[in-house]
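So this one's final-v4.pdb, PDB, C-alpha atoms:
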ATOM      1  CA  MET A   1     -24.643  -2.277  47.468  1.00  0.00           C
ATOM      2  CA  SER A   2     -24.819   1.400  46.505  1.00  0.00           C
ATOM      3  CA  ILE A   3     -24.864   2.060  42.758  1.00  0.00           C
ATOM      4  CA  ALA A   4     -23.698   5.562  41.836  1.00  0.00           C
ATOM      5  CA  ARG A   5     -23.407   7.632  38.673  1.00  0.00           C
ATOM      6  CA  SER A   6     -20.792  10.252  37.911  1.00  0.00           C
ATOM      7  CA  ALA A   7     -20.225  12.388  34.817  1.00  0.00           C
ATOM      8  CA  ILE A   8     -16.742  12.444  33.287  1.00  0.00           C
ATOM      9  CA  VAL A   9     -15.727  14.956  30.629  1.00  0.00           C
ATOM     10  CA  SER A  10     -12.862  14.070  28.293  1.00  0.00           C
ATOM     11  CA  ASN A  11     -11.403  15.882  25.300  1.00  0.00           C
ATOM     12  CA  MET A  12     -10.372  14.735  21.841  1.00  0.00           C
ATOM     13  CA  ASP A  13      -9.523  16.897  18.824  1.00  0.00           C
ATOM     14  CA  ASP A  14     -10.579  20.077  20.678  1.00  0.00           C
ATOM     15  CA  GLN A  15     -14.024  18.643  21.413  1.00  0.00           C
ATOM     16  CA  ALA A  16     -15.488  17.755  24.826  1.00  0.00           C
ATOM     17  CA  PHE A  17     -17.228  14.427  25.429  1.00  0.00           C
ATOM     18  CA  GLU A  18     -19.480  13.838  28.431  1.00  0.00           C
ATOM     19  CA  HIS A  19     -19.482  10.216  29.569  1.00  0.00           C
ATOM     20  CA  VAL A  20     -21.141   8.724  32.637  1.00  0.00           C
ATOM     21  CA  VAL A  21     -19.463   6.152  34.887  1.00  0.00           C
ATOM     22  CA  VAL A  22     -21.692   3.809  36.891  1.00  0.00           C
ATOM     23  CA  PHE A  23     -20.295   1.744  39.757  1.00  0.00           C
ATOM     24  CA  ASP A  24     -20.918   0.221  43.163  1.00  0.00           C
ATOM     25  CA  GLU A  25     -19.590   2.689  45.745  1.00  0.00           C
ATOM     26  CA  SER A  26     -19.363  -0.044  48.371  1.00  0.00           C
ATOM     27  CA  ASP A  27     -16.883  -2.102  46.330  1.00  0.00           C
ATOM     28  CA  ILE A  28     -13.388  -0.676  46.763  1.00  0.00           C
ATOM     29  CA  GLY A  29     -11.434  -3.319  44.867  1.00  0.00           C
ATOM     30  CA  ALA A  30     -10.254  -3.188  41.263  1.00  0.00           C
ATOM     31  CA  ARG A  31     -13.017  -4.571  39.051  1.00  0.00           C
ATOM     32  CA  PRO A  32     -13.407  -5.342  35.361  1.00  0.00           C
ATOM     33  CA  GLY A  33     -14.420  -2.311  33.331  1.00  0.00           C
ATOM     34  CA  ILE A  34     -17.202  -2.362  30.750  1.00  0.00           C
ATOM     35  CA  LEU A  35     -17.747   0.182  27.982  1.00  0.00           C
ATOM     36  CA  LEU A  36     -21.415   0.704  27.102  1.00  0.00           C
ATOM     37  CA  PHE A  37     -22.000   2.236  23.667  1.00  0.00           C
ATOM     38  CA  PRO A  38     -25.522   3.688  23.194  1.00  0.00           C
ATOM     39  CA  ASN A  39     -27.725   3.653  20.129  1.00  0.00           C
ATOM     40  CA  VAL A  40     -28.335   6.333  17.508  1.00  0.00           C
ATOM     41  CA  LEU A  41     -29.666   8.866  20.037  1.00  0.00           C
ATOM     42  CA  GLY A  42     -26.541   9.043  22.189  1.00  0.00           C
ATOM     43  CA  THR A  43     -26.354   8.748  25.969  1.00  0.00           C
ATOM     44  CA  LYS A  44     -29.673   8.870  27.826  1.00  0.00           C
ATOM     45  CA  GLU A  45     -31.485   7.625  30.906  1.00  0.00           C
ATOM     46  CA  ALA A  46     -32.205   4.191  29.430  1.00  0.00           C
ATOM     47  CA  ASP A  47     -28.450   3.627  29.006  1.00  0.00           C
ATOM     48  CA  PHE A  48     -27.748   4.673  32.586  1.00  0.00           C
ATOM     49  CA  ILE A  49     -30.392   2.260  33.870  1.00  0.00           C
ATOM     50  CA  ARG A  50     -28.897  -0.567  31.816  1.00  0.00           C
ATOM     51  CA  ALA A  51     -25.443   0.382  33.097  1.00  0.00           C
ATOM     52  CA  GLU A  52     -26.722   0.175  36.677  1.00  0.00           C
ATOM     53  CA  MET A  53     -27.886  -3.385  36.015  1.00  0.00           C
ATOM     54  CA  VAL A  54     -24.432  -4.326  34.717  1.00  0.00           C
ATOM     55  CA  ALA A  55     -22.625  -2.483  37.520  1.00  0.00           C
ATOM     56  CA  ALA A  56     -24.647  -4.467  40.055  1.00  0.00           C
ATOM     57  CA  LEU A  57     -22.949  -7.598  38.680  1.00  0.00           C
ATOM     58  CA  GLY A  58     -19.583  -6.303  39.916  1.00  0.00           C
ATOM     59  CA  TYR A  59     -18.338  -4.168  37.024  1.00  0.00           C
ATOM     60  CA  VAL A  60     -17.464  -0.519  36.522  1.00  0.00           C
ATOM     61  CA  VAL A  61     -19.453   0.682  33.510  1.00  0.00           C
ATOM     62  CA  LEU A  62     -18.567   3.685  31.362  1.00  0.00           C
ATOM     63  CA  VAL A  63     -21.498   4.887  29.251  1.00  0.00           C
ATOM     64  CA  VAL A  64     -19.673   6.337  26.265  1.00  0.00           C
ATOM     65  CA  ASP A  65     -20.439   9.657  24.602  1.00  0.00           C
ATOM     66  CA  MET A  66     -19.450   9.095  20.964  1.00  0.00           C
ATOM     67  CA  PHE A  67     -20.963  12.305  19.579  1.00  0.00           C
ATOM     68  CA  GLY A  68     -19.712  15.124  21.807  1.00  0.00           C
ATOM     69  CA  GLN A  69     -21.035  17.091  24.740  1.00  0.00           C
ATOM     70  CA  GLY A  70     -24.589  18.301  24.135  1.00  0.00           C
ATOM     71  CA  LYS A  71     -25.002  16.324  20.923  1.00  0.00           C
ATOM     72  CA  ARG A  72     -28.059  14.218  21.648  1.00  0.00           C
ATOM     73  CA  THR A  73     -31.231  13.548  19.687  1.00  0.00           C
ATOM     74  CA  THR A  74     -34.695  12.085  20.230  1.00  0.00           C
ATOM     75  CA  ARG A  75     -36.894  10.133  17.866  1.00  0.00           C
ATOM     76  CA  ALA A  76     -39.077  13.230  17.527  1.00  0.00           C
ATOM     77  CA  ASP A  77     -36.213  15.215  15.952  1.00  0.00           C
ATOM     78  CA  PRO A  78     -36.369  15.871  12.189  1.00  0.00           C
ATOM     79  CA  ASP A  79     -33.071  13.995  11.785  1.00  0.00           C
ATOM     80  CA  PRO A  80     -32.399  11.837  14.855  1.00  0.00           C
ATOM     81  CA  ALA A  81     -29.517  10.058  13.089  1.00  0.00           C
ATOM     82  CA  ARG A  82     -27.497  13.152  12.177  1.00  0.00           C
ATOM     83  CA  TYR A  83     -24.679  12.642  14.690  1.00  0.00           C
ATOM     84  CA  MET A  84     -24.525   8.913  14.056  1.00  0.00           C
ATOM     85  CA  ASN A  85     -24.329   9.482  10.314  1.00  0.00           C
ATOM     86  CA  GLU A  86     -21.307  11.742  10.750  1.00  0.00           C
ATOM     87  CA  LEU A  87     -19.446   8.815  12.291  1.00  0.00           C
ATOM     88  CA  ASN A  88     -20.852   6.255   9.889  1.00  0.00           C
ATOM     89  CA  SER A  89     -19.283   8.290   7.087  1.00  0.00           C
ATOM     90  CA  ASP A  90     -15.909   8.391   8.872  1.00  0.00           C
ATOM     91  CA  ARG A  91     -15.239   4.953  10.314  1.00  0.00           C
ATOM     92  CA  ALA A  92     -11.649   5.885  11.201  1.00  0.00           C
ATOM     93  CA  LEU A  93     -12.967   8.644  13.461  1.00  0.00           C
ATOM     94  CA  LEU A  94     -15.488   6.217  14.958  1.00  0.00           C
ATOM     95  CA  ARG A  95     -12.656   3.770  15.662  1.00  0.00           C
ATOM     96  CA  ASP A  96     -10.474   6.456  17.224  1.00  0.00           C
ATOM     97  CA  ARG A  97     -13.238   7.741  19.501  1.00  0.00           C
ATOM     98  CA  ALA A  98     -14.030   4.209  20.662  1.00  0.00           C
ATOM     99  CA  ASN A  99     -10.375   3.580  21.434  1.00  0.00           C
ATOM    100  CA  ALA A 100     -10.127   6.893  23.296  1.00  0.00           C
ATOM    101  CA  ALA A 101     -13.050   5.808  25.477  1.00  0.00           C
ATOM    102  CA  HIS A 102     -11.315   2.500  26.137  1.00  0.00           C
ATOM    103  CA  ALA A 103      -8.148   4.311  27.208  1.00  0.00           C
ATOM    104  CA  LEU A 104     -10.231   6.487  29.524  1.00  0.00           C
ATOM    105  CA  LEU A 105     -11.866   3.421  31.087  1.00  0.00           C
ATOM    106  CA  LYS A 106      -8.536   1.679  31.667  1.00  0.00           C
ATOM    107  CA  GLY A 107      -7.194   4.718  33.520  1.00  0.00           C
ATOM    108  CA  MET A 108     -10.135   5.070  35.898  1.00  0.00           C
ATOM    109  CA  ASP A 109      -9.917   4.384  39.624  1.00  0.00           C
ATOM    110  CA  GLY A 110     -11.450   1.045  40.532  1.00  0.00           C
ATOM    111  CA  VAL A 111     -10.909  -0.478  37.084  1.00  0.00           C
ATOM    112  CA  ASP A 112      -8.491  -3.314  36.437  1.00  0.00           C
ATOM    113  CA  PRO A 113      -6.989  -2.181  33.090  1.00  0.00           C
ATOM    114  CA  ALA A 114      -6.133  -5.769  32.186  1.00  0.00           C
ATOM    115  CA  ARG A 115      -9.819  -6.797  32.378  1.00  0.00           C
ATOM    116  CA  THR A 116     -12.079  -4.780  30.112  1.00  0.00           C
ATOM    117  CA  ALA A 117     -14.917  -5.487  27.704  1.00  0.00           C
ATOM    118  CA  ALA A 118     -17.535  -3.603  25.696  1.00  0.00           C
ATOM    119  CA  ILE A 119     -21.251  -3.853  25.018  1.00  0.00           C
ATOM    120  CA  GLY A 120     -23.230  -1.848  22.481  1.00  0.00           C
ATOM    121  CA  PHE A 121     -26.762  -1.386  21.204  1.00  0.00           C
ATOM    122  CA  CYS A 122     -27.712  -0.711  17.549  1.00  0.00           C
ATOM    123  CA  PHE A 123     -25.133   1.901  16.459  1.00  0.00           C
ATOM    124  CA  GLY A 124     -23.308   0.950  19.659  1.00  0.00           C
ATOM    125  CA  GLY A 125     -23.073  -2.581  18.278  1.00  0.00           C
ATOM    126  CA  ARG A 126     -21.161  -1.168  15.325  1.00  0.00           C
ATOM    127  CA  CYS A 127     -18.902   0.648  17.784  1.00  0.00           C
ATOM    128  CA  VAL A 128     -17.979  -2.502  19.728  1.00  0.00           C
ATOM    129  CA  LEU A 129     -17.302  -4.422  16.529  1.00  0.00           C
ATOM    130  CA  ASP A 130     -15.083  -1.648  15.174  1.00  0.00           C
ATOM    131  CA  LEU A 131     -13.292  -1.454  18.524  1.00  0.00           C
ATOM    132  CA  ALA A 132     -12.563  -5.185  18.293  1.00  0.00           C
ATOM    133  CA  ARG A 133     -11.597  -4.851  14.633  1.00  0.00           C
ATOM    134  CA  SER A 134      -9.042  -2.212  15.622  1.00  0.00           C
ATOM    135  CA  GLY A 135      -7.182  -4.783  17.731  1.00  0.00           C
ATOM    136  CA  ALA A 136      -8.110  -3.180  21.049  1.00  0.00           C
ATOM    137  CA  ASP A 137      -7.067  -5.265  24.044  1.00  0.00           C
ATOM    138  CA  ILE A 138     -10.583  -5.815  25.328  1.00  0.00           C
ATOM    139  CA  ALA A 139     -11.292  -9.330  26.525  1.00  0.00           C
ATOM    140  CA  GLY A 140     -14.592  -9.437  24.704  1.00  0.00           C
ATOM    141  CA  ALA A 141     -17.504  -7.509  23.261  1.00  0.00           C
ATOM    142  CA  VAL A 142     -21.261  -7.958  22.970  1.00  0.00           C
ATOM    143  CA  SER A 143     -23.315  -6.477  20.134  1.00  0.00           C
ATOM    144  CA  PHE A 144     -27.079  -6.182  20.648  1.00  0.00           C
ATOM    145  CA  HIS A 145     -29.017  -5.691  17.364  1.00  0.00           C
ATOM    146  CA  GLY A 146     -25.912  -4.078  15.895  1.00  0.00           C
ATOM    147  CA  VAL A 147     -24.776  -3.007  12.439  1.00  0.00           C
ATOM    148  CA  TYR A 148     -22.329  -5.406  10.838  1.00  0.00           C
ATOM    149  CA  GLN A 149     -20.684  -4.006   7.707  1.00  0.00           C
ATOM    150  CA  ALA A 150     -16.896  -3.889   8.009  1.00  0.00           C
ATOM    151  CA  PRO A 151     -15.090  -0.540   7.639  1.00  0.00           C
ATOM    152  CA  PRO A 152     -13.528   0.309   4.256  1.00  0.00           C
ATOM    153  CA  PHE A 153      -9.977  -0.287   5.434  1.00  0.00           C
ATOM    154  CA  PRO A 154      -8.000  -3.302   6.665  1.00  0.00           C
ATOM    155  CA  ASN A 155      -8.575  -4.470  10.210  1.00  0.00           C
ATOM    156  CA  THR A 156      -5.968  -5.300  12.815  1.00  0.00           C
ATOM    157  CA  THR A 157      -5.951  -8.794  14.340  1.00  0.00           C
ATOM    158  CA  ILE A 158      -9.048  -9.297  16.461  1.00  0.00           C
ATOM    159  CA  THR A 159      -8.095 -10.631  19.881  1.00  0.00           C
ATOM    160  CA  ALA A 160     -11.445 -10.064  21.620  1.00  0.00           C
ATOM    161  CA  LYS A 161     -14.055 -12.783  21.952  1.00  0.00           C
ATOM    162  CA  LEU A 162     -17.351 -11.673  20.411  1.00  0.00           C
ATOM    163  CA  LEU A 163     -21.002 -12.355  21.201  1.00  0.00           C
ATOM    164  CA  ILE A 164     -23.509 -11.129  18.610  1.00  0.00           C
ATOM    165  CA  CYS A 165     -27.134 -10.996  19.815  1.00  0.00           C
ATOM    166  CA  HIS A 166     -29.244 -10.663  16.704  1.00  0.00           C
ATOM    167  CA  GLY A 167     -32.884 -10.443  15.702  1.00  0.00           C
ATOM    168  CA  TRP A 168     -33.257 -12.663  12.655  1.00  0.00           C
ATOM    169  CA  ASP A 169     -35.857 -10.367  11.075  1.00  0.00           C
ATOM    170  CA  ASP A 170     -33.740  -7.235  11.574  1.00  0.00           C
ATOM    171  CA  PRO A 171     -34.049  -5.128   8.375  1.00  0.00           C
ATOM    172  CA  ILE A 172     -30.849  -3.226   9.237  1.00  0.00           C
ATOM    173  CA  ALA A 173     -28.862  -6.455   9.494  1.00  0.00           C
ATOM    174  CA  PRO A 174     -30.543  -8.901   7.100  1.00  0.00           C
ATOM    175  CA  PRO A 175     -29.404 -12.515   6.792  1.00  0.00           C
ATOM    176  CA  ASP A 176     -26.785 -11.793   4.118  1.00  0.00           C
ATOM    177  CA  ALA A 177     -25.137  -9.162   6.337  1.00  0.00           C
ATOM    178  CA  THR A 178     -25.169 -11.562   9.269  1.00  0.00           C
ATOM    179  CA  VAL A 179     -23.604 -14.345   7.214  1.00  0.00           C
ATOM    180  CA  ALA A 180     -21.014 -11.885   5.893  1.00  0.00           C
ATOM    181  CA  LEU A 181     -20.097 -10.956   9.468  1.00  0.00           C
ATOM    182  CA  ALA A 182     -19.718 -14.617  10.404  1.00  0.00           C
ATOM    183  CA  LYS A 183     -17.476 -15.129   7.358  1.00  0.00           C
ATOM    184  CA  GLU A 184     -15.387 -12.068   8.245  1.00  0.00           C
ATOM    185  CA  LEU A 185     -14.894 -13.163  11.843  1.00  0.00           C
ATOM    186  CA  THR A 186     -14.118 -16.742  10.851  1.00  0.00           C
ATOM    187  CA  GLU A 187     -11.474 -15.606   8.372  1.00  0.00           C
ATOM    188  CA  ALA A 188     -10.039 -13.359  11.084  1.00  0.00           C
ATOM    189  CA  GLY A 189      -9.610 -16.368  13.385  1.00  0.00           C
ATOM    190  CA  CYS A 190     -11.885 -14.753  15.948  1.00  0.00           C
ATOM    191  CA  ASP A 191     -13.604 -16.573  18.815  1.00  0.00           C
ATOM    192  CA  TRP A 192     -17.190 -15.626  17.976  1.00  0.00           C
ATOM    193  CA  GLN A 193     -20.777 -16.692  18.558  1.00  0.00           C
ATOM    194  CA  ILE A 194     -24.057 -15.424  17.127  1.00  0.00           C
ATOM    195  CA  HIS A 195     -27.337 -15.839  18.996  1.00  0.00           C
ATOM    196  CA  ALA A 196     -30.216 -15.272  16.587  1.00  0.00           C
ATOM    197  CA  TYR A 197     -33.747 -14.761  17.876  1.00  0.00           C
ATOM    198  CA  GLY A 198     -36.676 -15.738  15.653  1.00  0.00           C
ATOM    199  CA  ALA A 199     -39.619 -13.425  14.990  1.00  0.00           C
ATOM    200  CA  THR A 200     -37.430 -10.576  16.273  1.00  0.00           C
ATOM    201  CA  GLY A 201     -36.426  -7.377  14.510  1.00  0.00           C
ATOM    202  CA  HIS A 202     -34.181  -4.432  15.271  1.00  0.00           C
ATOM    203  CA  ALA A 203     -33.992  -2.626  18.648  1.00  0.00           C
ATOM    204  CA  PHE A 204     -35.337  -5.603  20.583  1.00  0.00           C
ATOM    205  CA  THR A 205     -33.858  -4.399  23.899  1.00  0.00           C
ATOM    206  CA  ASP A 206     -35.456  -0.936  23.676  1.00  0.00           C
ATOM    207  CA  GLU A 207     -38.814  -0.732  25.444  1.00  0.00           C
ATOM    208  CA  SER A 208     -39.539   2.669  23.851  1.00  0.00           C
ATOM    209  CA  VAL A 209     -39.577   1.245  20.316  1.00  0.00           C
ATOM    210  CA  ASN A 210     -42.810  -0.026  18.789  1.00  0.00           C
ATOM    211  CA  MET A 211     -42.644   0.184  14.997  1.00  0.00           C
ATOM    212  CA  PRO A 212     -43.190  -3.424  13.927  1.00  0.00           C
ATOM    213  CA  GLU A 213     -44.235  -2.274  10.445  1.00  0.00           C
ATOM    214  CA  LYS A 214     -40.631  -1.060  10.019  1.00  0.00           C
ATOM    215  CA  GLY A 215     -39.084  -4.115  11.636  1.00  0.00           C
ATOM    216  CA  LEU A 216     -38.234  -2.218  14.830  1.00  0.00           C
ATOM    217  CA  ALA A 217     -39.846  -3.344  18.063  1.00  0.00           C
ATOM    218  CA  TYR A 218     -39.101  -4.324  21.631  1.00  0.00           C
ATOM    219  CA  SER A 219     -39.133  -8.046  22.402  1.00  0.00           C
ATOM    220  CA  ALA A 220     -39.293  -9.043  26.054  1.00  0.00           C
ATOM    221  CA  ASN A 221     -38.144 -12.571  25.245  1.00  0.00           C
ATOM    222  CA  ALA A 222     -35.150 -11.515  23.157  1.00  0.00           C
ATOM    223  CA  ASP A 223     -34.245  -8.819  25.686  1.00  0.00           C
ATOM    224  CA  ARG A 224     -34.271 -11.325  28.548  1.00  0.00           C
ATOM    225  CA  ARG A 225     -32.447 -14.026  26.630  1.00  0.00           C
ATOM    226  CA  SER A 226     -29.765 -11.724  25.248  1.00  0.00           C
ATOM    227  CA  TYR A 227     -29.149 -10.134  28.644  1.00  0.00           C
ATOM    228  CA  LYS A 228     -28.689 -13.580  30.195  1.00  0.00           C
ATOM    229  CA  ALA A 229     -26.311 -14.478  27.362  1.00  0.00           C
ATOM    230  CA  MET A 230     -24.310 -11.326  28.084  1.00  0.00           C
ATOM    231  CA  VAL A 231     -24.162 -12.079  31.821  1.00  0.00           C
ATOM    232  CA  ASP A 232     -22.851 -15.575  31.125  1.00  0.00           C
ATOM    233  CA  PHE A 233     -20.392 -14.277  28.510  1.00  0.00           C
ATOM    234  CA  LEU A 234     -18.920 -11.679  30.873  1.00  0.00           C
ATOM    235  CA  ALA A 235     -18.683 -14.246  33.649  1.00  0.00           C
ATOM    236  CA  GLU A 236     -16.738 -16.520  31.272  1.00  0.00           C
ATOM    237  CA  LEU A 237     -14.382 -13.677  30.435  1.00  0.00           C
ATOM    238  CA  PHE A 238     -13.728 -12.558  34.002  1.00  0.00           C
ATOM    239  CA  GLY A 239     -14.901 -15.364  36.288  1.00  0.00           C
TER     240      GLY A 239
END
Now, as a test, write the supplied structure out as structure tokens.
Amino acid sequence: MSIARSAIVSNMDDQAFEHVVVFDESDIGARPGILLFPNVLGTKEADFIRAEMVAALGYVVLVVDMFGQGKRTTRADPDPARYMNELNSDRALLRDRANAAHALLKGMDGVDPARTAAIGFCFGGRCVLDLARSGADIAGAVSFHGVYQAPPFPNTTITAKLLICHGWDDPIAPPDATVALAKELTEAGCDWQIHAYGATGHAFTDESVNMPEKGLAYSANADRRSYKAMVDFLAELFG
């Protein structure tokens, strides 16, 4: 096995986006493709490492740039959420960028376009849900400590199966938002499941986060359990 990374630049609305594809160079067959949507900070090393873990399972992983080339932040920035907030205020643009990334993935060498899925973390969880809400022909999607509120416009029929990995004490997605998501997906006739982890807040897969006073903290147990749930979910989709 030889896991490789390669940057891919795409264009949309006269703006360049720099994605990173992660794959096993030794596997020459057509494999399922997985979109990985990062959190509020945009693409970064932690996402590439996570993508390498998923690629080692036999998938081609596209780490998606949702903000645009060079538009990245850190938690030390005065406004680390500025690029995310631009998309949060324009959910149609968010939807269109996510669908453009899916089209890019389906056209890549080594990807079986009939077998694709998406995973996303925090803001990336919102992205995978909105991708599914748009009726994209992904087989399934996994949201890790995502954001659940539906966009302010009607959705298309959801055909993707959904796995929601959720920290029950998440202040960004409190119980009423989680129940509202379950109600939305049930009314949509979606095949969904929610795994809720007790004594767990937001960002539980992110080892760099340690702000328990704000409800944001890494949880080794929830990280391990949710990753295993994702592995099993993807195997069910493509096994």
* Chain and number of each residue from the PyMOL selection byres ((chain A and resi 226-239) around 9), as a ChimeraX atom specification -> /A:32,54,57,115-117,119,139-142,144,161,163,165-166,195,197,205,221-225
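Put simply, atom CA of Gly110 of chain A is 16.7 Å away from atom CA of Ile138 of chain A.
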Emit as JSON the padded axis-aligned box for all listed atoms of segment 114-131 of chain A, 4 Å per side, with centre and edge lengths in Å to one decimal.
{"center_x": -16.9, "center_y": -2.4, "center_z": 23.8, "size_x": 29.6, "size_y": 16.7, "size_z": 25.2}
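When all atoms listed in the file are used to measure the gap to Leu185 of chain A, the shortest distance among A:Ile158, A:Met66, A:Val61, A:Ala100 belongs to A:Ile158.
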* To do: With a distance cut-off of 12 Å and only C-alpha atoms, select the neighbouring residues of segment 11-15 of chain A, excluding the residue or stretch itself and same-chain residues fewer than 2 positions from it, and output the selection as number ranges by chain.
  => A: 8-9, 17-19, 65-71, 93, 96-101, 103-104
* To do: List the residues selected by the PyMOL selection byres ((chain A and resi 62) around 10) in the file shown, writing them as a list of chain:residue names.
  => A:Arg5, A:Ser6, A:Ala7, A:Ile8, A:His19, A:Val20, A:Val21, A:Val22, A:Phe23, A:Gly33, A:Ile34, A:Leu35, A:Leu36, A:Phe37, A:Phe48, A:Ala51, A:Ala55, A:Tyr59, A:Val60, A:Val61, A:Val63, A:Val64, A:Asp65, A:Ala101, A:His102, A:Leu104, A:Leu105, A:Met108, A:Ala118
* **Exercise: segment 168-180 of chain A partners within 8 Å, only C-alpha atoms, chain neighbours under 3 positions left out, as a VMD selection string** => chain A and resid 145 to 149 183 to 184 196 to 202 214 to 216
Write the selection just made, keeping C-alpha atoms, as a PDB file, in the coordinates of the input?
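Below is the file that was written, result_35.pdb:
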ATOM      1  CA  HIS A 145     -29.017  -5.691  17.364  1.00  0.00           C
ATOM      2  CA  GLY A 146     -25.912  -4.078  15.895  1.00  0.00           C
ATOM      3  CA  VAL A 147     -24.776  -3.007  12.439  1.00  0.00           C
ATOM      4  CA  TYR A 148     -22.329  -5.406  10.838  1.00  0.00           C
ATOM      5  CA  GLN A 149     -20.684  -4.006   7.707  1.00  0.00           C
ATOM      6  CA  LYS A 183     -17.476 -15.129   7.358  1.00  0.00           C
ATOM      7  CA  GLU A 184     -15.387 -12.068   8.245  1.00  0.00           C
ATOM      8  CA  ALA A 196     -30.216 -15.272  16.587  1.00  0.00           C
ATOM      9  CA  TYR A 197     -33.747 -14.761  17.876  1.00  0.00           C
ATOM     10  CA  GLY A 198     -36.676 -15.738  15.653  1.00  0.00           C
ATOM     11  CA  ALA A 199     -39.619 -13.425  14.990  1.00  0.00           C
ATOM     12  CA  THR A 200     -37.430 -10.576  16.273  1.00  0.00           C
ATOM     13  CA  GLY A 201     -36.426  -7.377  14.510  1.00  0.00           C
ATOM     14  CA  HIS A 202     -34.181  -4.432  15.271  1.00  0.00           C
ATOM     15  CA  LYS A 214     -40.631  -1.060  10.019  1.00  0.00           C
ATOM     16  CA  GLY A 215     -39.084  -4.115  11.636  1.00  0.00           C
ATOM     17  CA  LEU A 216     -38.234  -2.218  14.830  1.00  0.00           C
TER      18      LEU A 216
END
* Could you expand the PyMOL selection byres ((chain A and resi 28) around 12) into the explicit residues it covers here, written as a PyMOL selection string? => chain A and resi 1-2+23-27+29-31+58-60+109-112
* What is the distance, in Å and to one decimal place, between atom CA of Thr73 of chain A and atom CA of Gly42 of chain A? -> 7.0 Å
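Distances from A:Asn88, A:Ile194, A:Phe121, A:Thr74 to Asp47 of chain A were compared using only C-alpha atoms, and the smallest one belongs to A:Phe121.
The spacing separating atom CA of Gly120 of chain A from atom CA of Asn39 of chain A amounts to 7.5 Å.
Between Ala217 of chain A and the candidates A:Leu181, A:Ala203, A:Ile49, A:Ala136, the tightest atom-to-atom separation, counting all atoms listed in the file, involves A:Ala203.
Nearest-residue note for Arg95 of chain A: choosing from A:Thr156, A:Asn210, A:Thr43, A:Ser143, the minimum distance belongs to A:Thr156, counting all atoms listed in the file.
Of the listed residues A:Pro113, A:Ala56, A:Cys127, A:Leu41, the one whose atoms come nearest to Ala81 of chain A is A:Leu41, with distances taken using only C-alpha atoms.
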